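See below for coords.cif, which holds mmCIF, C-alpha atoms.
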data_target
#
loop_
_atom_site.label_atom_id
_atom_site.label_comp_id
_atom_site.auth_asym_id
_atom_site.auth_seq_id
_atom_site.Cartn_x
_atom_site.Cartn_y
_atom_site.Cartn_z
CA MET F 1 99.45 -73.66 130.17
CA SER F 2 97.91 -75.75 127.42
CA THR F 3 96.18 -78.04 129.96
CA ALA F 4 94.69 -75.08 131.80
CA ALA F 5 93.55 -73.57 128.53
CA ASN F 6 91.85 -76.80 127.54
CA LYS F 7 89.85 -76.72 130.77
CA MET F 8 88.56 -73.19 130.19
CA PRO F 9 84.84 -73.30 129.35
CA GLU F 10 83.89 -72.19 125.86
CA PRO F 11 81.96 -68.94 125.72
CA ALA F 12 78.20 -69.39 125.42
CA PRO F 13 76.98 -69.01 121.84
CA ILE F 14 75.15 -65.77 121.10
CA LEU F 15 71.52 -66.68 120.46
CA ALA F 16 70.05 -63.19 120.30
CA CYS F 17 70.93 -59.52 120.06
CA THR F 18 69.24 -56.32 121.07
CA ILE F 19 69.46 -53.57 118.47
CA SER F 20 68.81 -49.96 119.48
CA ARG F 21 70.13 -46.44 119.32
CA ASP F 22 71.05 -46.67 123.03
CA ILE F 23 70.20 -49.81 125.03
CA GLN F 24 70.40 -47.76 128.26
CA ASN F 25 67.03 -46.28 127.27
CA PHE F 26 65.57 -49.77 127.69
CA ASP F 27 66.87 -50.95 131.07
CA LEU F 28 63.88 -53.27 131.56
CA LEU F 29 64.78 -54.98 128.30
CA ILE F 30 68.32 -55.58 129.58
CA ASP F 31 66.95 -57.20 132.73
CA ASP F 32 64.54 -59.43 130.81
CA MET F 33 67.15 -60.49 128.25
CA GLU F 34 69.50 -61.53 131.06
CA LEU F 35 66.66 -63.36 132.76
CA GLU F 36 65.71 -65.32 129.64
CA LEU F 37 69.11 -65.82 127.97
CA GLY F 38 71.77 -65.39 130.65
CA GLU F 39 74.98 -64.46 128.83
CA SER F 40 73.86 -65.80 125.45
CA TRP F 41 72.94 -62.41 124.01
CA GLY F 42 74.66 -59.29 122.80
CA ASP F 43 73.86 -55.66 122.11
CA LEU F 44 74.25 -53.76 118.84
CA SER F 45 73.69 -50.17 117.81
CA PHE F 46 71.84 -49.41 114.60
CA ASP F 47 75.16 -48.76 112.83
CA GLU F 48 76.72 -52.01 114.09
CA ALA F 49 73.65 -54.08 113.21
CA HIS F 50 73.98 -53.66 109.43
CA GLU F 51 77.59 -54.87 109.47
CA PHE F 52 77.02 -57.72 111.94
CA LEU F 53 74.00 -59.16 110.13
CA SER F 54 76.09 -59.59 106.99
CA GLN F 55 78.75 -61.66 108.81
CA PRO F 56 78.80 -65.47 109.31
CA ASP F 57 78.49 -64.99 113.10
CA ALA F 58 74.91 -63.79 112.56
CA GLU F 59 73.89 -67.24 111.34
CA SER F 60 73.72 -68.50 114.94
CA LEU F 61 71.18 -65.86 115.95
CA GLU F 62 67.78 -67.13 116.93
CA PHE F 63 66.21 -63.67 117.06
CA VAL F 64 66.92 -59.95 117.39
CA ALA F 65 65.00 -57.58 119.65
CA ILE F 66 64.84 -54.21 117.92
CA ALA F 67 64.06 -51.49 120.47
CA VAL F 68 62.81 -48.10 119.27
CA ASN F 69 61.23 -45.07 120.87
CA GLY F 70 59.78 -41.76 119.77
CA GLU F 71 63.22 -40.26 119.12
CA ASP F 72 63.86 -42.88 116.42
CA GLU F 73 60.88 -41.89 114.25
CA GLY F 74 63.07 -39.72 112.06
CA ASP F 75 65.33 -42.69 111.35
CA LEU F 76 62.75 -45.29 110.34
CA SER F 77 64.32 -45.96 106.94
CA ARG F 78 67.52 -47.22 108.59
CA ILE F 79 65.53 -49.34 111.06
CA THR F 80 63.38 -50.87 108.33
CA GLY F 81 66.61 -51.74 106.52
CA ILE F 82 67.77 -53.67 109.60
CA ILE F 83 64.44 -55.49 109.79
CA ARG F 84 64.71 -56.39 106.11
CA SER F 85 68.28 -57.68 106.54
CA ALA F 86 67.30 -59.88 109.49
CA ALA F 87 64.23 -61.23 107.69
CA GLU F 88 66.29 -62.10 104.61
CA ARG F 89 68.55 -64.23 106.84
CA HIS F 90 65.52 -65.94 108.46
CA ILE F 91 66.27 -64.38 111.84
CA LYS F 92 63.16 -63.83 113.94
CA ILE F 93 62.40 -60.23 114.90
CA ILE F 94 60.77 -58.98 118.10
CA LEU F 95 59.90 -55.28 117.97
CA ILE F 96 60.08 -53.38 121.28
CA ALA F 97 58.33 -50.01 120.89
CA ASP F 98 58.07 -47.06 123.28
CA ARG F 99 55.97 -43.99 122.35
CA ILE F 100 55.98 -44.75 118.62
CA SER F 101 53.16 -43.21 116.58
CA PRO F 102 50.64 -45.64 115.04
CA ALA F 103 51.88 -44.81 111.55
CA GLY F 104 55.51 -45.46 112.48
CA LEU F 105 54.67 -48.67 114.28
CA HIS F 106 52.59 -49.84 111.35
CA GLN F 107 55.49 -49.22 108.96
CA LEU F 108 57.91 -51.25 111.11
CA LEU F 109 55.49 -54.14 111.57
CA ARG F 110 54.79 -54.36 107.86
CA MET F 111 58.50 -54.79 107.13
CA GLY F 112 58.44 -58.26 108.68
CA ALA F 113 58.60 -58.14 112.49
CA ASP F 114 57.45 -61.49 113.91
CA ASP F 115 56.18 -60.18 117.23
CA PHE F 116 55.58 -56.93 119.07
CA VAL F 117 55.99 -56.00 122.74
CA PRO F 118 55.20 -52.51 124.12
CA TYR F 119 57.66 -50.73 126.38
CA PRO F 120 57.78 -50.53 129.39
CA LEU F 121 57.70 -54.31 129.19
CA PRO F 122 54.75 -55.93 131.00
CA ASP F 123 55.73 -58.78 133.32
CA GLY F 124 56.53 -61.89 131.30
CA ALA F 125 55.83 -60.20 127.95
CA LEU F 126 59.30 -60.79 126.52
CA LYS F 127 59.25 -64.41 127.68
CA ASP F 128 55.89 -64.93 125.99
CA ALA F 129 57.14 -63.33 122.77
CA ILE F 130 60.23 -65.57 122.73
CA GLU F 131 58.08 -68.65 123.27
CA ARG F 132 55.80 -67.63 120.41
CA ILE F 133 58.60 -67.17 117.88
CA ARG F 134 60.18 -70.47 118.98
CA ARG F 135 56.93 -72.30 118.43
CA PRO F 136 57.07 -74.28 115.18
CA ALA F 137 54.74 -73.05 112.48
CA ALA F 138 51.60 -75.10 112.08
CA PRO F 139 51.73 -77.32 108.98
CA VAL F 140 49.65 -76.07 106.10
CA ALA F 141 46.98 -78.58 105.24
CA ALA F 142 46.79 -79.70 101.64
CA PRO F 143 43.77 -78.18 99.89
CA GLN F 144 40.84 -80.57 99.77
CA PRO F 145 38.70 -80.86 96.67
CA ALA F 146 35.26 -79.39 97.13
CA THR F 147 32.42 -81.85 97.28
CA VAL F 148 29.01 -81.31 95.83
CA THR F 149 27.36 -81.67 99.23
CA HIS F 150 29.18 -78.61 100.59
CA LEU F 151 29.17 -76.29 97.61
CA HIS F 152 25.92 -74.64 98.68
CA ALA F 153 27.38 -73.86 102.12
CA VAL F 154 30.41 -71.90 100.96
CA PRO F 155 29.76 -68.13 100.93
CA ASP F 156 31.08 -65.77 98.31
CA PRO F 157 34.89 -66.25 98.05
CA ALA F 158 35.56 -62.55 97.54
CA PRO F 159 33.79 -60.69 100.39
CA GLN F 160 32.94 -57.07 99.74
CA SER F 161 32.10 -54.08 101.90
CA PRO F 162 28.47 -53.77 103.02
CA SER F 163 26.28 -52.79 100.07
CA PHE F 164 23.78 -50.70 102.05
CA LYS F 165 24.21 -46.99 102.69
CA ALA F 166 24.86 -45.57 106.14
CA LYS F 167 21.64 -43.92 107.25
CA GLY F 168 22.00 -43.98 111.02
CA ASP F 169 18.48 -45.39 111.30
CA ARG F 170 19.21 -48.22 113.76
CA ASN F 171 19.63 -48.51 117.51
CA GLY F 172 21.84 -51.57 117.86
CA VAL F 173 22.17 -53.94 120.81
CA VAL F 174 25.83 -54.08 121.92
CA LEU F 175 26.99 -57.57 122.97
CA PRO F 176 30.71 -57.86 123.78
CA VAL F 177 32.31 -61.27 124.32
CA HIS F 178 35.31 -61.46 126.67
CA GLY F 179 37.32 -64.62 127.31
CA LEU F 180 38.35 -64.89 130.95
CA SER F 181 40.97 -67.52 130.17
CA GLY F 182 42.88 -68.68 127.13
CA GLY F 183 41.03 -71.24 125.05
CA SER F 184 37.63 -70.51 126.59
CA GLY F 185 36.04 -70.22 123.15
CA ALA F 186 35.28 -66.47 123.16
CA SER F 187 36.05 -65.86 119.46
CA THR F 188 34.23 -69.02 118.40
CA PHE F 189 31.26 -67.93 120.51
CA ALA F 190 31.29 -64.41 119.02
CA ALA F 191 31.63 -65.47 115.38
CA ASN F 192 28.97 -68.16 115.54
CA LEU F 193 26.52 -66.10 117.60
CA ALA F 194 26.87 -63.27 115.08
CA TRP F 195 26.13 -65.64 112.18
CA GLU F 196 23.12 -67.17 113.96
CA LEU F 197 21.68 -63.69 114.57
CA ALA F 198 22.34 -62.65 110.96
CA THR F 199 20.45 -65.69 109.66
CA ILE F 200 17.74 -66.00 112.34
CA ASP F 201 14.97 -64.90 109.98
CA LYS F 202 14.93 -65.74 106.27
CA THR F 203 12.64 -62.86 105.33
CA ASN F 204 13.39 -60.12 107.86
CA ALA F 205 16.75 -60.88 109.48
CA PRO F 206 18.35 -58.24 111.69
CA ARG F 207 21.38 -56.38 110.42
CA VAL F 208 24.39 -57.71 112.35
CA CYS F 209 28.02 -56.62 112.59
CA LEU F 210 30.94 -58.33 114.29
CA LEU F 211 33.82 -56.13 115.53
CA ASP F 212 37.16 -57.78 116.31
CA PHE F 213 38.75 -55.55 118.94
CA ASP F 214 41.66 -57.89 119.64
CA PHE F 215 44.14 -55.87 117.59
CA GLN F 216 47.02 -58.26 118.27
CA TYR F 217 45.67 -61.81 118.02
CA GLY F 218 42.18 -61.29 116.61
CA SER F 219 41.06 -64.52 114.93
CA VAL F 220 37.62 -63.63 113.54
CA ALA F 221 39.12 -63.12 110.07
CA THR F 222 40.60 -66.62 110.27
CA TYR F 223 37.43 -68.24 111.59
CA LEU F 224 35.40 -66.72 108.73
CA ASP F 225 38.15 -66.83 106.09
CA LEU F 226 38.00 -63.09 105.47
CA PRO F 227 40.66 -60.70 104.13
CA ARG F 228 42.05 -58.01 106.42
CA LYS F 229 41.71 -54.60 104.84
CA GLU F 230 44.27 -51.81 105.08
CA ALA F 231 41.30 -49.52 105.73
CA VAL F 232 40.96 -51.06 109.23
CA PHE F 233 44.28 -49.59 110.30
CA GLU F 234 43.37 -46.23 108.75
CA LEU F 235 40.09 -46.22 110.66
CA LEU F 236 41.78 -47.03 113.98
CA SER F 237 44.52 -44.46 113.40
CA ASP F 238 42.11 -41.55 113.07
CA THR F 239 38.58 -42.29 114.20
CA GLY F 240 37.92 -38.57 114.58
CA ALA F 241 38.14 -38.10 110.82
CA ALA F 242 36.03 -41.17 110.02
CA ASP F 243 32.30 -41.17 109.37
CA SER F 244 29.85 -44.05 109.01
CA ASP F 245 30.66 -44.41 105.32
CA ALA F 246 34.36 -44.88 106.10
CA PHE F 247 33.42 -47.32 108.87
CA LEU F 248 31.37 -49.46 106.48
CA GLU F 249 34.09 -49.28 103.84
CA ALA F 250 36.57 -50.80 106.31
CA MET F 251 34.28 -53.81 106.83
CA VAL F 252 33.89 -57.01 104.81
CA THR F 253 30.73 -59.04 104.39
CA TYR F 254 30.51 -62.76 105.01
CA GLY F 255 27.88 -64.74 103.16
CA GLU F 256 26.10 -61.52 102.14
CA LYS F 257 24.57 -61.34 105.65
CA LEU F 258 27.20 -60.76 108.33
CA HIS F 259 29.29 -57.57 108.29
CA VAL F 260 32.71 -57.81 109.94
CA LEU F 261 35.36 -55.33 111.05
CA THR F 262 38.38 -57.62 111.24
CA ALA F 263 41.49 -57.05 113.33
CA PRO F 264 44.23 -55.19 111.41
CA ALA F 265 46.57 -57.15 109.16
CA ASP F 266 49.52 -56.37 111.45
CA MET F 267 49.88 -56.83 115.18
CA LEU F 268 49.19 -53.50 116.89
CA PRO F 269 49.30 -52.38 120.52
CA LEU F 270 45.91 -52.45 122.23
CA ASP F 271 46.37 -48.80 123.21
CA ILE F 272 46.54 -47.70 119.58
CA VAL F 273 43.02 -46.47 120.28
CA ALA F 274 41.79 -44.40 123.22
CA PRO F 275 38.42 -44.79 124.96
CA GLU F 276 36.94 -42.00 122.86
CA ASP F 277 38.03 -43.80 119.66
CA ILE F 278 36.27 -46.98 120.74
CA ALA F 279 33.18 -44.93 121.66
CA ARG F 280 33.08 -43.44 118.14
CA ILE F 281 33.32 -46.87 116.52
CA ILE F 282 30.52 -48.24 118.72
CA ASP F 283 28.43 -45.14 117.96
CA MET F 284 28.71 -45.80 114.22
CA ALA F 285 28.00 -49.49 114.67
CA GLU F 286 24.94 -48.89 116.85
CA ALA F 287 23.52 -46.37 114.41
CA ASN F 288 23.72 -48.74 111.44
CA PHE F 289 23.15 -52.25 112.84
CA ASP F 290 20.56 -54.05 114.95
CA PHE F 291 23.13 -56.20 116.75
CA VAL F 292 26.77 -55.29 117.44
CA ILE F 293 28.87 -58.28 118.55
CA ILE F 294 32.33 -57.32 119.85
CA ASP F 295 35.14 -59.86 120.24
CA MET F 296 37.23 -58.40 123.06
CA PRO F 297 40.89 -59.05 123.94
CA LYS F 298 41.49 -61.04 127.12
CA THR F 299 43.57 -58.16 128.47
CA ILE F 300 41.82 -55.40 130.42
CA VAL F 301 42.76 -52.09 128.77
CA ALA F 302 41.90 -48.42 129.15
CA TRP F 303 38.90 -48.71 126.85
CA THR F 304 37.41 -51.89 128.38
CA GLU F 305 35.35 -49.62 130.63
CA THR F 306 33.96 -47.85 127.55
CA VAL F 307 32.78 -51.12 126.03
CA LEU F 308 31.34 -52.38 129.32
CA THR F 309 29.46 -49.14 129.87
CA ARG F 310 27.98 -49.22 126.36
CA ALA F 311 27.15 -52.94 126.47
CA HIS F 312 23.61 -54.18 126.96
CA VAL F 313 24.98 -57.57 128.05
CA TYR F 314 28.67 -58.42 128.52
CA PHE F 315 29.29 -62.13 127.84
CA SER F 316 32.27 -63.60 129.71
CA THR F 317 33.39 -67.09 128.69
CA LEU F 318 35.25 -69.42 131.02
CA ASP F 319 36.06 -73.07 131.61
CA LEU F 320 35.34 -75.31 134.56
CA ASP F 321 38.79 -74.95 136.14
CA LEU F 322 40.65 -73.09 138.86
CA ARG F 323 42.31 -70.47 136.63
CA SER F 324 38.90 -69.40 135.30
CA ALA F 325 37.50 -69.20 138.82
CA GLN F 326 40.38 -67.03 139.95
CA ASN F 327 40.01 -64.75 136.93
CA VAL F 328 36.30 -64.30 137.63
CA LEU F 329 37.12 -63.18 141.17
CA ARG F 330 39.80 -60.76 139.91
CA LEU F 331 37.52 -59.25 137.28
CA VAL F 332 34.49 -58.80 139.52
CA ARG F 333 36.68 -57.37 142.31
CA ALA F 334 38.25 -54.88 139.89
CA LEU F 335 34.88 -53.76 138.49
CA LYS F 336 33.39 -53.30 141.95
CA ALA F 337 36.43 -51.32 143.11
CA GLU F 338 35.88 -48.87 140.24
CA THR F 339 32.07 -48.90 140.73
CA LEU F 340 31.64 -50.18 137.17
CA PRO F 341 28.48 -52.04 136.09
CA HIS F 342 29.56 -55.59 136.94
CA GLU F 343 25.91 -56.66 136.88
CA LYS F 344 26.08 -56.59 133.06
CA LEU F 345 28.34 -59.65 133.10
CA ARG F 346 26.73 -62.84 131.80
CA PHE F 347 28.92 -65.86 132.44
CA VAL F 348 29.18 -68.46 129.69
CA LEU F 349 30.51 -71.87 130.72
CA ASN F 350 32.48 -73.42 127.89
CA ARG F 351 32.63 -77.21 127.48
CA ALA F 352 29.80 -77.64 129.96
CA PRO F 353 29.22 -81.21 131.14
CA LYS F 354 26.54 -83.42 129.65
CA PHE F 355 23.26 -83.90 131.44
CA THR F 356 24.25 -87.42 132.43
CA ASP F 357 27.61 -86.39 133.94
CA LEU F 358 26.36 -85.87 137.49
CA SER F 359 29.83 -85.50 139.00
CA ALA F 360 30.78 -82.66 136.67
CA LYS F 361 27.39 -80.98 137.08
CA SER F 362 27.98 -81.02 140.81
CA ARG F 363 31.31 -79.24 140.23
CA VAL F 364 29.50 -76.61 138.14
CA LYS F 365 27.06 -76.00 141.00
CA ARG F 366 29.87 -75.69 143.57
CA MET F 367 31.80 -73.29 141.33
CA SER F 368 28.71 -71.15 140.80
CA GLU F 369 27.98 -70.99 144.52
CA SER F 370 31.57 -70.28 145.58
CA LEU F 371 31.91 -67.44 143.06
CA ASP F 372 28.38 -66.14 143.70
CA ILE F 373 27.59 -66.14 139.99
CA SER F 374 25.20 -67.98 137.73
CA PHE F 375 26.00 -69.62 134.41
CA GLU F 376 23.23 -68.24 132.25
CA VAL F 377 24.65 -69.92 129.17
CA GLN F 378 26.29 -73.36 129.14
CA ILE F 379 28.00 -74.36 125.89
CA PRO F 380 28.64 -78.11 125.56
CA ASP F 381 31.82 -79.64 124.19
CA GLY F 382 31.49 -79.67 120.40
CA GLY F 383 34.48 -81.92 119.81
CA PRO F 384 36.79 -81.76 116.76
CA GLN F 385 34.03 -80.33 114.55
CA VAL F 386 34.43 -76.93 116.20
CA THR F 387 38.15 -76.73 115.45
CA GLN F 388 37.59 -78.01 111.93
CA ALA F 389 34.93 -75.38 111.26
CA ASN F 390 37.27 -72.63 112.49
CA ASP F 391 40.16 -73.94 110.40
CA HIS F 392 37.95 -74.13 107.30
CA GLY F 393 36.70 -70.59 107.83
CA ASN F 394 32.98 -71.34 108.16
CA PRO F 395 30.42 -71.09 110.97
CA LEU F 396 29.22 -74.33 112.50
CA ALA F 397 25.80 -73.76 110.95
CA LEU F 398 27.34 -74.36 107.51
CA THR F 399 29.64 -77.25 108.35
CA ALA F 400 28.10 -79.07 111.34
CA ALA F 401 24.54 -77.85 111.76
CA LYS F 402 23.67 -80.55 114.32
CA ASN F 403 26.70 -79.93 116.52
CA PRO F 404 25.62 -79.31 120.14
CA VAL F 405 27.57 -76.02 120.26
CA ARG F 406 25.69 -74.78 117.22
CA ARG F 407 22.33 -75.81 118.67
CA GLU F 408 23.00 -73.94 121.93
CA LEU F 409 24.09 -70.78 120.12
CA GLN F 410 21.06 -71.02 117.85
CA LYS F 411 18.79 -71.06 120.92
CA LEU F 412 20.66 -68.10 122.43
CA ALA F 413 20.38 -66.11 119.19
CA LYS F 414 16.64 -66.76 119.03
CA SER F 415 16.11 -65.58 122.61
CA LEU F 416 18.15 -62.41 121.98
CA HIS F 417 16.28 -61.72 118.75
CA ASP F 418 12.86 -62.29 120.33
CA LEU F 419 13.73 -60.08 123.29
CA ASN F 420 14.98 -57.28 121.05
CA ARG F 421 11.89 -57.51 118.86
CA ALA F 422 9.65 -57.29 121.94
CA VAL F 423 11.54 -54.21 123.15
CA GLU F 424 11.23 -52.56 119.72
CA THR F 425 7.51 -53.31 119.64
CA GLY F 426 7.12 -51.77 123.09
CA ARG F 427 8.86 -48.60 121.93
CA LYS F 428 6.49 -48.24 118.99
#
Written as structure tokens, how would this file's structure read?
Amino acid sequence: MSTAANKMPEPAPILACTISRDIQNFDLLIDDMELELGESWGDLSFDEAHEFLSQPDAESLEFVAIAVNGEDEGDLSRITGIIRSAAERHIKIILIADRISPAGLHQLLRMGADDFVPYPLPDGALKDAIERIRRPAAPVAAPQPATVTHLHAVPDPAPQSPSFKAKGDRNGVVLPVHGLSGGSGASTFAANLAWELATIDKTNAPRVCLLDFDFQYGSVATYLDLPRKEAVFELLSDTGAADSDAFLEAMVTYGEKLHVLTAPADMLPLDIVAPEDIARIIDMAEANFDFVIIDMPKTIVAWTETVLTRAHVYFSTLDLDLRSAQNVLRLVRALKAETLPHEKLRFVLNRAPKFTDLSAKSRVKRMSESLDISFEVQIPDGGPQVTQANDHGNPLALTAAKNPVRRELQKLAKSLHDLNRAVETGRK
């Protein structure tokens, strides 16, 4: 008997737990947990979670997946207590939410959830969330002493809301930027193009705003070292009650010239806003700014059509690789199927080859011909300076003015500004 017992395999350690009122309401979560963790996970009710998290067995947990739906809104205080208990024990928290109001979701996220996944679970969403929380945190760089040569380039350290009053006297040009593949430089393109437009003319510069519509992973605030206001969430939660004054109050100003609506402080579902909400925000932006740059999420959502329809030009960034080519085909096919204005797309090739790289330039030509598109903008590889500028929270114009990426965006901004000025002159 003892020999047989010694040969019995030890039970797999429990690495994660689902916590819900009734896990049967989340059958897709059960399937995905089994797919990702096999038998190394357990299930707890809300009542059981409090007791389990206080026991030594909880120390082996890598994360908990707290699943809530609309019926749990009346019990948020108990759920926030569970989130707090897990966070105190350094257990990662993935929030699974189904039909939760924006206010309820906001409250749960603020309590310390590390990631958010909507329910029903999109394919691979739980796997992606688990990979993100397992990823080691990036080391925090030691602060560098400021040097005299850069002091003039650092904008005001405490950005404020725009100082001008909302008059609705503008007719802004709407320029969304949509990355067709991860790492294609869409946010860098948007932030730097917005700054170039805002500083294109020293005496009569256009009024420019930059809207970060990636409500989950928006990085404009990071790239420009801006605070994320609570007023952003309030604006998104009830656009119907907001006017242009409230819109401007939710913004922050960078360098006294560029006005930015950052992504919210907490990760929110992309469907927290409906198409009509996005239309209202664009209406207010158009009425008060000359140029409206929109940093879009990579995901196609219900309100993507609204932005595309309102756009004057829709920039789409991509790399010279197969995944980008396939995504271009998917996007164009989807737009044509819905008879949407795909002709507004302007393809931006990121990390374009140098003039002397004939082999790579030949690949660009073949890709353009096979996809039946043209690369109207080609952004060269800016090297480490681009990443450094983003990490330091400044546009390239202030940290690496001669960088080839900056020079290309400067030329693009000038052409956009000249074209807009010619159109305005024609109207008069």
- Query: So which residues fall inside 12 Å of (74.7, -53.4, 114.4) if we count only C-alpha atoms? Mind giving them as a PyMOL selection string?
  - Reply: chain F and resi 17-22+42-55+58+64-66+78-79+81-83+85-86
- Task: Choose the residue, out of F:Asp57, F:Ile93, F:Pro13, F:Ser187, that has the smallest atom-to-atom separation from Gly38 of chain F; count only C-alpha atoms.
- Result: F:Pro13
- What does the PyMOL selection byres ((chain F and resi 102) around 9) select in this file, as an MDAnalysis selection string? chainID F and resid 100:101 103:107 233 237 268:269 272
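Considering the residues F:Asn420, F:Leu308, F:Glu196, F:Phe26 and counting only C-alpha atoms, Ala401 of chain F has its shortest atom-to-atom contact with F:Glu196.
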- Task: Could you state which residues are captured by the PyMOL selection byres ((chain F and resi 378) around 9) in this file, as a list of chain:residue names?
- Result: F:Phe347, F:Val348, F:Leu349, F:Asn350, F:Arg351, F:Ala352, F:Pro353, F:Phe375, F:Glu376, F:Val377, F:Ile379, F:Pro380, F:Glu408
- Item | Between atom CA of Ile91 of chain F and atom CA of Phe63 of chain F, distance in Å (one decimal) |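 Computed distance, atom CA of Ile91 of chain F to atom CA of Phe63 of chain F, equals 5.3 Å.
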- Query: How would you write, as a list of chain:residue names, the residues chosen by the PyMOL selection byres ((chain F and resi 340) around 12) on this structure?
  - Reply: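 When the PyMOL selection byres ((chain F and resi 340) around 12) is applied to the shown file, the picked residues are F:Thr304, F:Glu305, F:Thr306, F:Val307, F:Leu308, F:Thr309, F:Arg310, F:Ala311, F:Leu331, F:Val332, F:Arg333, F:Ala334, F:Leu335, F:Lys336, F:Ala337, F:Glu338, F:Thr339, F:Pro341, F:His342, F:Glu343, F:Lys344, F:Leu345.
Picture a line from atom CA of Gly168 of chain F to atom CA of Val423 of chain F; it runs 19.0 Å.
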- Within 10 Å of Trp195 of chain F, counting only C-alpha atoms, which residues show up once you throw out same-chain ones fewer than 2 positions away? Write them as a list in words, please.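 Final neighbour list, sorted by chain and number: Ala190, Ala191, Asn192, Leu193, Leu197, Ala198, Thr199, Ile200, Val208, Cys209, Leu210, Leu224, Tyr254, Gly255, Lys257, Leu258, His259, Asn394, Pro395, Leu396, Ala397, Leu398, Leu409, Gln410 and Ala413 of chain F.
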- Exercise: Leu318 of chain F partners within 9 Å, all atoms listed in the file, chain neighbours under 6 positions left out, as a ChimeraX atom specification: /F:179-186,324-325,327-328,347-351
Saved selection, atoms kept: C-alpha atoms, as a PDB file, in the frame of the given file:
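Generated file (again-v6.pdb):
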ATOM      1  CA  GLY F 179      37.320 -64.620 127.310  1.00  0.00           C
ATOM      2  CA  LEU F 180      38.350 -64.890 130.950  1.00  0.00           C
ATOM      3  CA  SER F 181      40.970 -67.520 130.170  1.00  0.00           C
ATOM      4  CA  GLY F 182      42.880 -68.680 127.130  1.00  0.00           C
ATOM      5  CA  GLY F 183      41.030 -71.240 125.050  1.00  0.00           C
ATOM      6  CA  SER F 184      37.630 -70.510 126.590  1.00  0.00           C
ATOM      7  CA  GLY F 185      36.040 -70.220 123.150  1.00  0.00           C
ATOM      8  CA  ALA F 186      35.280 -66.470 123.160  1.00  0.00           C
ATOM      9  CA  SER F 324      38.900 -69.400 135.300  1.00  0.00           C
ATOM     10  CA  ALA F 325      37.500 -69.200 138.820  1.00  0.00           C
ATOM     11  CA  ASN F 327      40.010 -64.750 136.930  1.00  0.00           C
ATOM     12  CA  VAL F 328      36.300 -64.300 137.630  1.00  0.00           C
ATOM     13  CA  PHE F 347      28.920 -65.860 132.440  1.00  0.00           C
ATOM     14  CA  VAL F 348      29.180 -68.460 129.690  1.00  0.00           C
ATOM     15  CA  LEU F 349      30.510 -71.870 130.720  1.00  0.00           C
ATOM     16  CA  ASN F 350      32.480 -73.420 127.890  1.00  0.00           C
ATOM     17  CA  ARG F 351      32.630 -77.210 127.480  1.00  0.00           C
TER      18      ARG F 351
END
